[in-house]
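Dumped run28.cif below, it's mmCIF, C-alpha atoms:
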```
data_protein
loop_
_atom_site.label_atom_id
_atom_site.label_comp_id
_atom_site.auth_asym_id
_atom_site.auth_seq_id
_atom_site.Cartn_x
_atom_site.Cartn_y
_atom_site.Cartn_z
CA MET K 19 -17.15 -12.56 -13.31
CA LYS K 20 -14.40 -10.37 -14.70
CA ASP K 21 -15.43 -7.53 -16.99
CA ILE K 22 -12.44 -8.03 -19.24
CA ILE K 23 -10.23 -11.05 -19.77
CA ARG K 24 -6.73 -10.01 -20.71
CA ALA K 25 -5.28 -12.39 -23.23
CA LYS K 26 -1.78 -10.90 -23.38
CA CYS K 27 0.33 -8.41 -21.51
CA LEU K 28 1.69 -5.70 -23.82
CA ILE K 29 5.01 -5.37 -21.96
CA SER K 30 7.58 -8.04 -21.33
CA SER K 31 7.94 -9.61 -17.91
CA ASP K 32 11.38 -7.95 -17.60
CA VAL K 33 10.01 -4.47 -18.30
CA GLU K 34 7.07 -5.15 -15.99
CA ALA K 35 9.48 -6.16 -13.21
CA LEU K 36 11.59 -3.02 -13.75
CA ILE K 37 8.50 -0.81 -13.64
CA ASN K 38 7.31 -2.52 -10.47
CA GLN K 39 10.74 -1.76 -8.98
CA GLN K 40 10.24 1.84 -10.07
CA ILE K 41 6.83 1.90 -8.40
CA LYS K 42 8.58 0.92 -5.17
CA LYS K 43 11.31 3.53 -5.72
CA GLU K 44 8.71 6.27 -6.22
CA ALA K 45 6.81 5.18 -3.09
CA HIS K 46 10.08 5.13 -1.17
CA SER K 47 10.93 8.62 -2.45
CA SER K 48 7.54 9.87 -1.32
CA ALA K 49 8.11 8.42 2.16
CA ILE K 50 11.61 9.94 2.32
CA TYR K 51 10.23 13.36 1.39
CA LEU K 52 7.55 13.04 4.07
CA SER K 53 10.29 12.26 6.57
CA MET K 54 12.27 15.30 5.40
CA ALA K 55 9.15 17.46 5.70
CA SER K 56 8.66 16.22 9.25
CA TRP K 57 12.30 16.88 10.19
CA CYS K 58 12.16 20.39 8.72
CA ASN K 59 8.91 21.10 10.52
CA ARG K 60 10.29 19.90 13.88
CA ASN K 61 13.36 22.08 13.39
CA GLY K 62 11.52 25.28 12.45
CA TYR K 63 12.07 25.23 8.69
CA ASP K 64 8.43 25.75 7.72
CA PHE K 65 8.97 26.70 4.07
CA SER K 66 11.25 23.73 3.48
CA SER K 67 8.75 21.49 5.22
CA GLU K 68 6.08 22.65 2.79
CA TYR K 69 8.51 22.16 -0.13
CA PHE K 70 9.11 18.54 0.90
CA PHE K 71 5.39 17.87 1.42
CA LYS K 72 4.87 18.95 -2.20
CA GLN K 73 7.75 16.74 -3.32
CA ALA K 74 6.22 13.78 -1.46
CA GLU K 75 2.91 14.37 -3.22
CA GLU K 76 4.63 14.51 -6.63
CA GLU K 77 6.47 11.23 -6.00
CA ARG K 78 3.20 9.58 -5.00
CA MET K 79 1.66 10.82 -8.26
CA HIS K 80 4.63 9.37 -10.19
CA GLN K 81 4.14 6.06 -8.39
CA LEU K 82 0.49 5.99 -9.45
CA LYS K 83 1.36 6.86 -13.08
CA PHE K 84 3.68 3.86 -13.26
CA TYR K 85 1.16 1.67 -11.44
CA LYS K 86 -1.64 2.56 -13.83
CA TYR K 87 0.64 2.08 -16.85
CA VAL K 88 1.41 -1.51 -15.84
CA LEU K 89 -2.31 -2.17 -15.41
CA ASP K 90 -3.18 -0.48 -18.72
CA MET K 91 -0.65 -2.70 -20.48
CA GLY K 92 -2.25 -5.85 -19.04
CA GLY K 93 0.39 -6.47 -16.39
CA THR K 94 0.31 -6.89 -12.65
CA ALA K 95 1.19 -3.79 -10.68
CA ILE K 96 2.50 -4.49 -7.20
CA SER K 97 1.80 -2.27 -4.22
CA PRO K 98 5.15 -2.00 -2.45
CA GLU K 99 6.04 -2.32 1.20
CA ILE K 100 8.14 0.65 2.32
CA THR K 101 10.52 0.28 5.25
CA ASN K 102 13.75 1.77 6.62
CA ILE K 103 12.91 5.44 6.21
CA LYS K 104 15.43 7.74 7.85
CA ILE K 105 13.76 10.15 10.28
CA GLU K 106 16.71 12.11 11.67
CA TYR K 107 19.25 14.24 9.83
CA ASN K 108 22.47 15.75 11.12
CA SER K 109 21.91 19.13 9.52
CA PHE K 110 19.60 21.24 7.39
CA ARG K 111 22.07 20.95 4.52
CA GLU K 112 22.15 17.13 4.78
CA VAL K 113 18.41 17.03 4.08
CA PHE K 114 18.95 18.77 0.75
CA GLU K 115 22.05 16.72 -0.12
CA GLU K 116 20.03 13.55 0.33
CA ALA K 117 17.13 15.00 -1.66
CA LEU K 118 19.45 15.58 -4.62
CA ASP K 119 20.92 12.09 -4.26
CA GLN K 120 17.39 10.69 -4.25
CA GLU K 121 16.45 12.48 -7.47
CA VAL K 122 19.64 11.36 -9.24
CA SER K 123 18.92 7.78 -8.16
CA VAL K 124 15.37 7.96 -9.52
CA THR K 125 16.62 9.32 -12.85
CA GLN K 126 19.15 6.49 -13.13
CA SER K 127 16.47 3.92 -12.41
CA ILE K 128 14.25 5.33 -15.18
CA LYS K 129 17.25 5.28 -17.54
CA ASN K 130 17.66 1.56 -16.74
CA ILE K 131 14.05 0.91 -17.72
CA ALA K 132 14.57 2.87 -20.96
CA ALA K 133 17.72 0.90 -21.75
CA ARG K 134 15.78 -2.35 -21.41
CA CYS K 135 12.99 -0.95 -23.59
CA HIS K 136 15.51 0.01 -26.28
CA LYS K 137 16.88 -3.52 -26.22
CA GLU K 138 13.38 -4.97 -26.60
CA GLN K 139 12.21 -2.30 -29.06
CA ASP K 140 9.38 -1.45 -26.66
CA TYR K 141 8.64 1.96 -28.16
CA VAL K 142 5.32 2.35 -26.39
CA THR K 143 6.96 2.23 -22.96
CA LEU K 144 9.80 4.46 -24.17
CA GLU K 145 7.25 7.07 -25.19
CA PHE K 146 5.61 6.76 -21.77
CA LEU K 147 8.99 7.26 -20.07
CA ASN K 148 9.65 10.53 -21.93
CA TRP K 149 7.31 12.36 -19.57
CA PHE K 150 9.36 11.12 -16.61
CA PHE K 151 12.64 12.22 -18.17
CA LYS K 152 11.30 15.75 -18.51
CA GLU K 153 10.00 15.61 -14.96
CA GLN K 154 13.34 14.36 -13.62
CA ARG K 155 15.18 17.16 -15.39
CA GLU K 156 13.01 19.60 -13.43
CA GLU K 157 13.34 17.68 -10.15
CA GLU K 158 17.13 17.47 -10.34
CA TYR K 159 17.37 21.14 -11.29
CA LYS K 160 15.28 22.21 -8.30
CA ALA K 161 17.20 19.94 -5.93
CA ARG K 162 20.56 21.30 -7.16
CA ARG K 163 19.37 24.90 -6.88
CA ALA K 164 18.10 24.32 -3.34
CA LEU K 165 21.46 22.86 -2.33
CA GLU K 166 23.31 25.74 -4.01
CA LEU K 167 21.49 28.18 -1.72
CA PHE K 168 23.69 26.91 1.11
CA ASP K 169 26.81 28.09 -0.75
CA VAL K 170 25.32 31.31 -2.10
CA ILE K 171 23.64 32.48 1.10
CA GLY K 172 25.71 30.64 3.69
CA GLU K 173 24.40 29.20 6.93
CA GLU K 174 25.77 31.73 9.41
CA GLY K 175 23.57 34.25 11.18
CA THR K 176 20.19 34.32 9.47
CA GLY K 177 21.46 32.21 6.56
CA ARG K 178 19.44 29.09 7.30
CA TRP K 179 16.33 31.22 7.72
CA GLN K 180 17.00 32.86 4.33
CA ILE K 181 17.61 29.48 2.70
CA ASP K 182 14.36 28.16 4.16
CA LYS K 183 12.53 31.23 2.88
CA HIS K 184 13.89 30.84 -0.68
CA VAL K 185 13.50 27.06 -1.17
CA GLY K 186 9.83 27.22 -2.10
CA GLN K 187 10.49 29.95 -4.65
CA ILE K 188 12.75 27.82 -6.86
CA LYS K 189 11.17 27.40 -10.27
CA TYR K 190 12.22 25.57 -13.39
CA ASP K 191 11.38 26.85 -16.84
CA SER K 192 12.58 24.65 -19.68
CA GLU K 193 11.77 27.29 -22.26
CA PRO K 194 14.60 29.61 -23.39
#
```

Kindly present the structure from the file in structure tokens form.
Amino acid sequence: MKDIIRAKCLISSDVEALINQQIKKEAHSSAIYLSMASWCNRNGYDFSSEYFFKQAEEERMHQLKFYKYVLDMGGTAISPEITNIKIEYNSFREVFEEALDQEVSVTQSIKNIAARCHKEQDYVTLEFLNWFFKEQREEEYKARRALELFDVIGEEGTGRWQIDKHVGQIKYDSEP
């Protein structure tokens, strides 16, 4: 027998579907970051590998936050199937270009959920999404800064080694 019978879901089926899509996007991001960590490790970029392992862990945590939110609101959270993860990259720089693209895509997806919530006046979910907007601001900042290292340091000589060394040191402080 069920402990609790849920009489009504507190989010609309449209918002629930969008959040379930976001759950999949976060899981996909985590898998992409694991792939990037593996590529960096195989190619001798140990600090970048560690950076991407941490990113993968963060994306998994985001996935679980969304998952639990759907359940808390009385909905059905769906565990996604993840396929088609790229495992090879043409260059060290390409890894970071794709990481930034991934973060921008995640931010846009969260904006789409927020837009739907505004339309439905779902202020509870909007409040929940605020945490993710702050998190995405940090994630995009760090991804841009990592990519900028390629232009600032350059890749010639020991450049890639220096870039690898500095990636894990990138910090974001939202306070002035």

Got a sec to resolve the PyMOL selection byres ((chain K and resi 109-113) around 12) on this structure and send the residues as an MDAnalysis selection string?
chainID K and resid 50:63 66:67 69:70 104:108 114:120 161:162 164:169 172:173 177:179 181:182 185

Output the selection as a compact mmCIF listing (two decimals), in the frame of the given file - C-alpha atoms for each residue.
```txt
# COMPACT_ATOMS: atom_id res chain seq x y z
CA ILE K 50 11.61 9.94 2.32
CA TYR K 51 10.23 13.36 1.39
CA LEU K 52 7.55 13.04 4.07
CA SER K 53 10.29 12.26 6.57
CA MET K 54 12.27 15.30 5.40
CA ALA K 55 9.15 17.46 5.70
CA SER K 56 8.66 16.22 9.25
CA TRP K 57 12.30 16.88 10.19
CA CYS K 58 12.16 20.39 8.72
CA ASN K 59 8.91 21.10 10.52
CA ARG K 60 10.29 19.90 13.88
CA ASN K 61 13.36 22.08 13.39
CA GLY K 62 11.52 25.28 12.45
CA TYR K 63 12.07 25.23 8.69
CA SER K 66 11.25 23.73 3.48
CA SER K 67 8.75 21.49 5.22
CA TYR K 69 8.51 22.16 -0.13
CA PHE K 70 9.11 18.54 0.90
CA LYS K 104 15.43 7.74 7.85
CA ILE K 105 13.76 10.15 10.28
CA GLU K 106 16.71 12.11 11.67
CA TYR K 107 19.25 14.24 9.83
CA ASN K 108 22.47 15.75 11.12
CA PHE K 114 18.95 18.77 0.75
CA GLU K 115 22.05 16.72 -0.12
CA GLU K 116 20.03 13.55 0.33
CA ALA K 117 17.13 15.00 -1.66
CA LEU K 118 19.45 15.58 -4.62
CA ASP K 119 20.92 12.09 -4.26
CA GLN K 120 17.39 10.69 -4.25
CA ALA K 161 17.20 19.94 -5.93
CA ARG K 162 20.56 21.30 -7.16
CA ALA K 164 18.10 24.32 -3.34
CA LEU K 165 21.46 22.86 -2.33
CA GLU K 166 23.31 25.74 -4.01
CA LEU K 167 21.49 28.18 -1.72
CA PHE K 168 23.69 26.91 1.11
CA ASP K 169 26.81 28.09 -0.75
CA GLY K 172 25.71 30.64 3.69
CA GLU K 173 24.40 29.20 6.93
CA GLY K 177 21.46 32.21 6.56
CA ARG K 178 19.44 29.09 7.30
CA TRP K 179 16.33 31.22 7.72
CA ILE K 181 17.61 29.48 2.70
CA ASP K 182 14.36 28.16 4.16
CA VAL K 185 13.50 27.06 -1.17
```

With all atoms listed in the file as the atoms that count, which of K:Thr176, K:Ser123, K:Gln40, K:Ser47 lies nearest to K:Ser97?
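Distance minimum relative to K:Ser97 lands on K:Gln40.
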
Would you list the residues near (6.2, 5.8, -6.6) (no more than 12 Å away, in the coordinates of the file, using all atoms listed in the file) as number ranges by chain?
K: 37-51, 73-86, 95-100, 124, 127-128, 150

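Nearest residue to K:Arg134 among K:Met91, K:Ala35, K:Leu28, K:Val170 is K:Ala35, counting all atoms listed in the file.
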
Find the distance between atom CA of K:Ile29 and atom CA of K:Ala133 and write it in Å to one decimal.
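Calculated distance between atom CA of K:Ile29 and atom CA of K:Ala133 is 14.2 Å.
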
Please indicate the distance in Å from atom CA of K:Val33 to atom CA of K:Ile131, rounded to one decimal place.
6.8 Å

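One distance worth recording is that between atom CA of K:Lys152 and atom CA of K:Ser192, which is 9.1 Å.
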